[in-house]
Amino acid sequence: MPDLLNDACHCILLDEAALRSHFDAALLREGSLPELSLGREHLFAPYPVFANHHQVAAMRVLIEAVHEVIALPAFQLDALAGSDWPDQHTLSALMAFDFHPEPQGAKLIEINTNAGGAYLAALLAESQRACCVPVEELLDSPTRGSDVPQRLLGDFLNEWRLARGTRPLGNVLIVDDQPREQFLYPEFLLFRELFRRHGIAAEIADARELDFDGNALLHQGQPVDLVYNRCTDFKLAADDHAALRAASMQDAVVLTPSPRHHALYADKRHLVRLADEAWLQRIGVPAAARRVLAAHVPKARLVAATDAEQLWSERKRYFFKPFAGYASRGAYRGDRLTKRVWSEIIASGNYIAQEFAPPATRRGSPGDEAAMLKFDLRCVSYGTEIRLLNARLYQGQTTNMRTLSGGLASVFLIKEDQLPAGSVSSPNQTTA
């Protein structure tokens, strides 16, 4: 049924005036949506997508199963091999599990510890308008967008408590490389104002502006308590991240997400491990969790030069991803690979091949040049709890935030028991 609505229903539209109002209120005059949308014209999709409760249930049990695996000492020993990052006992704020939905379930595509867009998607969710009451009664919103910012703030506060106990949190620094140039800079502003509204000093900083004096991480000479880390150098190996790395290694700042979080959750090699039934059984994963993983994690394998010929011949079955990839960078559908790119993948020695799970699709309204769009479902989570469910509409091989009528999209769930028979009778209909 979600497929029919994604193909035919245009009863819920984006209220752009409401989105501007929500955005401006959250920023407290620190900027406006039209101003910050320059160069980001495809950040918000004009259409929501539809899902069902079976898909959400599948995503929820998968997230629980993954956390069950990661908690095992044998998994951590393997994932953290050669790593000496301190354990601050934190959970990693703003994680995301990305899925391609199926009629009665969903396939895990990847796990991210540096997932952007949640606050923006929350404002978007508050800006959807149904055409009539019957449509509102037909659908559920899995997330109240107005609740999300407070929950995300609570997650950062809990990260601080887990690491520092009852000590008051004085200030937060949102850190990236050249943050003003980042595509999601508007979200940095939103988070800064969220912290400030709740009495916590907050700033946005370039990682190069930081210093470490042996005892504290400093920004403009002032000690920093907690860093919301947006850097995509996941091991903090670059020279520009030396101060942040040193402070983190000495537990002089609470860092979330941290290199330790990335090593435990987001290294793409874990997609190979999570799909390996024999390995899971060997490290002690209970049978129930193994069944969940087998149902919802596509098979994957490491790309090795010794298997290059076989993988090339079977490439159409796979999606190729670098171990530390992000934002779809360096990821390729096998049927789009060229010999040149393939040789680079083999030479790099840092790719997995994941069995291709096709994305769902959403049809644009009549007259929209982007007639058919692909989408994934993103569960933003904290521990095993889902904070937000949103989607990303796109065309091409991967999500890109550059597609006409693409971008972040809200998700609505169908109340299966209220859906009248024949309510969507033709893929050419424009109302449900």
# chains A, B, ... in the order shown; residues from 1 in each chain; ligands from 1
call {"tool": "residues_around", "arguments": {"residues": "Ala263 in chain A", "least_positions_apart": "4", "cutoff": "10 Å", "atoms": "only C-alpha atoms", "output": "VMD selection string"}}
result
chain A and resid 76 78 to 81 83 85 113 234 to 235 258 to 259 267 to 270 324
call {"tool": "residues_around", "arguments": {"residues": "Arg362 in chain A", "least_positions_apart": "4", "cutoff": "6 Å", "atoms": "only C-alpha atoms", "output": "short mmCIF file (atom, residue, chain, number, x, y, z; two decimals) with all heavy atoms, in the first residue's frame"}}
result
data_model
loop_
_atom_site.label_atom_id
_atom_site.label_comp_id
_atom_site.auth_asym_id
_atom_site.auth_seq_id
_atom_site.Cartn_x
_atom_site.Cartn_y
_atom_site.Cartn_z
N ASN A 6 2.89 6.25 -2.74
CA ASN A 6 4.09 6.91 -3.24
C ASN A 6 4.01 7.13 -4.75
O ASN A 6 4.66 8.03 -5.28
CB ASN A 6 5.33 6.08 -2.90
CG ASN A 6 5.72 6.21 -1.44
OD1 ASN A 6 5.66 7.29 -0.88
ND2 ASN A 6 6.12 5.11 -0.82
N ASP A 7 3.21 6.32 -5.41
CA ASP A 7 3.08 6.47 -6.85
C ASP A 7 1.97 7.43 -7.24
O ASP A 7 2.00 8.00 -8.34
CB ASP A 7 2.77 5.09 -7.47
CG ASP A 7 2.91 5.08 -8.98
OD1 ASP A 7 4.02 5.37 -9.47
OD2 ASP A 7 1.90 4.81 -9.66
N MET A 372 9.98 10.72 -11.47
CA MET A 372 10.14 9.60 -10.56
C MET A 372 11.40 9.79 -9.73
O MET A 372 12.49 10.00 -10.27
CB MET A 372 10.21 8.28 -11.31
CG MET A 372 10.17 7.06 -10.42
SD MET A 372 8.61 6.91 -9.48
CE MET A 372 7.51 6.32 -10.78
N LEU A 373 11.25 9.73 -8.42
CA LEU A 373 12.36 9.94 -7.50
C LEU A 373 12.57 8.69 -6.66
O LEU A 373 11.61 7.99 -6.32
CB LEU A 373 12.07 11.13 -6.58
CG LEU A 373 11.94 12.47 -7.27
CD1 LEU A 373 10.90 13.33 -6.58
CD2 LEU A 373 13.28 13.19 -7.31
#
call {"tool": "residues_around", "arguments": {"residues": "Gly199 in chain A", "least_positions_apart": "3", "cutoff": "10 Å", "atoms": "only C-alpha atoms", "output": "list of chain:residue names"}}
result
A:Leu169, A:Gly170, A:Asn171, A:Glu193, A:Leu194, A:Phe195, A:Arg196, A:Ala202
call {"tool": "atom_distance", "arguments": {"atom1": "CA of Arg333 in chain A", "atom2": "CA of Phe319 in chain A"}}
result
4.6 Å
call {"tool": "atom_distance", "arguments": {"atom1": "CA of Val272 in chain A", "atom2": "CA of Phe323 in chain A"}}
result
10.6 Å
call {"tool": "residues_around", "arguments": {"residues": "Ile283 in chain A", "least_positions_apart": "4", "cutoff": "12 Å", "atoms": "only C-alpha atoms", "output": "list in words"}}
result
Glu68, Val69, Ile70, Ala71, Leu72, Pro73, Ala74, Phe75, Gln76, Leu77, Asp78, Arg273, Leu274, Asp276, Glu277, Ala278, Trp279, Ala287 and Arg290 of chain A
call {"tool": "write_last_selection", "arguments": {"atoms": "C-alpha atoms", "output": "PDB file, in the first residue's frame"}}
result
ATOM      1  CA  GLU A  68      22.928  -6.214  20.863  1.00  0.00           C
ATOM      2  CA  VAL A  69      25.796  -7.348  18.619  1.00  0.00           C
ATOM      3  CA  ILE A  70      27.924  -4.256  19.223  1.00  0.00           C
ATOM      4  CA  ALA A  71      27.625  -4.687  22.996  1.00  0.00           C
ATOM      5  CA  LEU A  72      29.378  -8.071  22.822  1.00  0.00           C
ATOM      6  CA  PRO A  73      33.029  -8.034  23.975  1.00  0.00           C
ATOM      7  CA  ALA A  74      34.077 -10.173  20.997  1.00  0.00           C
ATOM      8  CA  PHE A  75      32.629  -7.648  18.547  1.00  0.00           C
ATOM      9  CA  GLN A  76      34.264  -4.722  20.306  1.00  0.00           C
ATOM     10  CA  LEU A  77      37.603  -6.505  20.395  1.00  0.00           C
ATOM     11  CA  ASP A  78      37.442  -6.898  16.624  1.00  0.00           C
ATOM     12  CA  ARG A 273      30.156  -8.822   9.791  1.00  0.00           C
ATOM     13  CA  LEU A 274      26.450  -8.232  10.435  1.00  0.00           C
ATOM     14  CA  ASP A 276      27.895 -13.204   8.280  1.00  0.00           C
ATOM     15  CA  GLU A 277      25.774 -15.824  10.069  1.00  0.00           C
ATOM     16  CA  ALA A 278      28.724 -18.071  10.953  1.00  0.00           C
ATOM     17  CA  TRP A 279      30.745 -15.204  12.432  1.00  0.00           C
ATOM     18  CA  ALA A 287      19.645 -16.860  17.566  1.00  0.00           C
ATOM     19  CA  ARG A 290      20.748 -13.501  14.065  1.00  0.00           C
TER      20      ARG A 290
END
call {"tool": "closest_atom_pairs", "arguments": {"of": "range 277-377 of chain A", "to": "range 404-407 of chain A", "cutoff": "10 Å", "atoms": "only C-alpha atoms", "output": "JSON lines"}}
result
{"residue": "A:Gly364", "atom": "CA", "partner": "A:Ser405", "partner_atom": "CA", "distance": 7.7}
{"residue": "A:Ser365", "atom": "CA", "partner": "A:Ser405", "partner_atom": "CA", "distance": 9.9}
{"residue": "A:Asp368", "atom": "CA", "partner": "A:Ser405", "partner_atom": "CA", "distance": 8.0}
{"residue": "A:Glu369", "atom": "CA", "partner": "A:Leu404", "partner_atom": "CA", "distance": 7.7}
{"residue": "A:Ala370", "atom": "CA", "partner": "A:Leu404", "partner_atom": "CA", "distance": 6.1}
{"residue": "A:Ala371", "atom": "CA", "partner": "A:Ser405", "partner_atom": "CA", "distance": 9.0}
{"residue": "A:Met372", "atom": "CA", "partner": "A:Ser405", "partner_atom": "CA", "distance": 9.7}
{"residue": "A:Leu373", "atom": "CA", "partner": "A:Gly406", "partner_atom": "CA", "distance": 7.3}
{"residue": "A:Lys374", "atom": "CA", "partner": "A:Gly406", "partner_atom": "CA", "distance": 8.8}
{"residue": "A:Phe375", "atom": "CA", "partner": "A:Gly406", "partner_atom": "CA", "distance": 8.9}
call {"tool": "write_last_selection", "arguments": {"atoms": "C-alpha atoms", "output": "PDB file, in the first residue's frame"}}
result
ATOM      1  CA  GLY A 364       6.262  13.600  -8.522  1.00  0.00           C
ATOM      2  CA  SER A 365       3.081  15.485  -9.264  1.00  0.00           C
ATOM      3  CA  ASP A 368       7.075  17.888 -12.389  1.00  0.00           C
ATOM      4  CA  GLU A 369      10.196  17.379 -14.488  1.00  0.00           C
ATOM      5  CA  ALA A 370      11.519  15.015 -11.821  1.00  0.00           C
ATOM      6  CA  ALA A 371       8.726  12.521 -12.533  1.00  0.00           C
ATOM      7  CA  MET A 372      10.137   9.600 -10.557  1.00  0.00           C
ATOM      8  CA  LEU A 373      12.362   9.936  -7.502  1.00  0.00           C
ATOM      9  CA  LYS A 374      14.135   7.312  -5.412  1.00  0.00           C
ATOM     10  CA  PHE A 375      14.216   7.455  -1.644  1.00  0.00           C
TER      11      PHE A 375
END
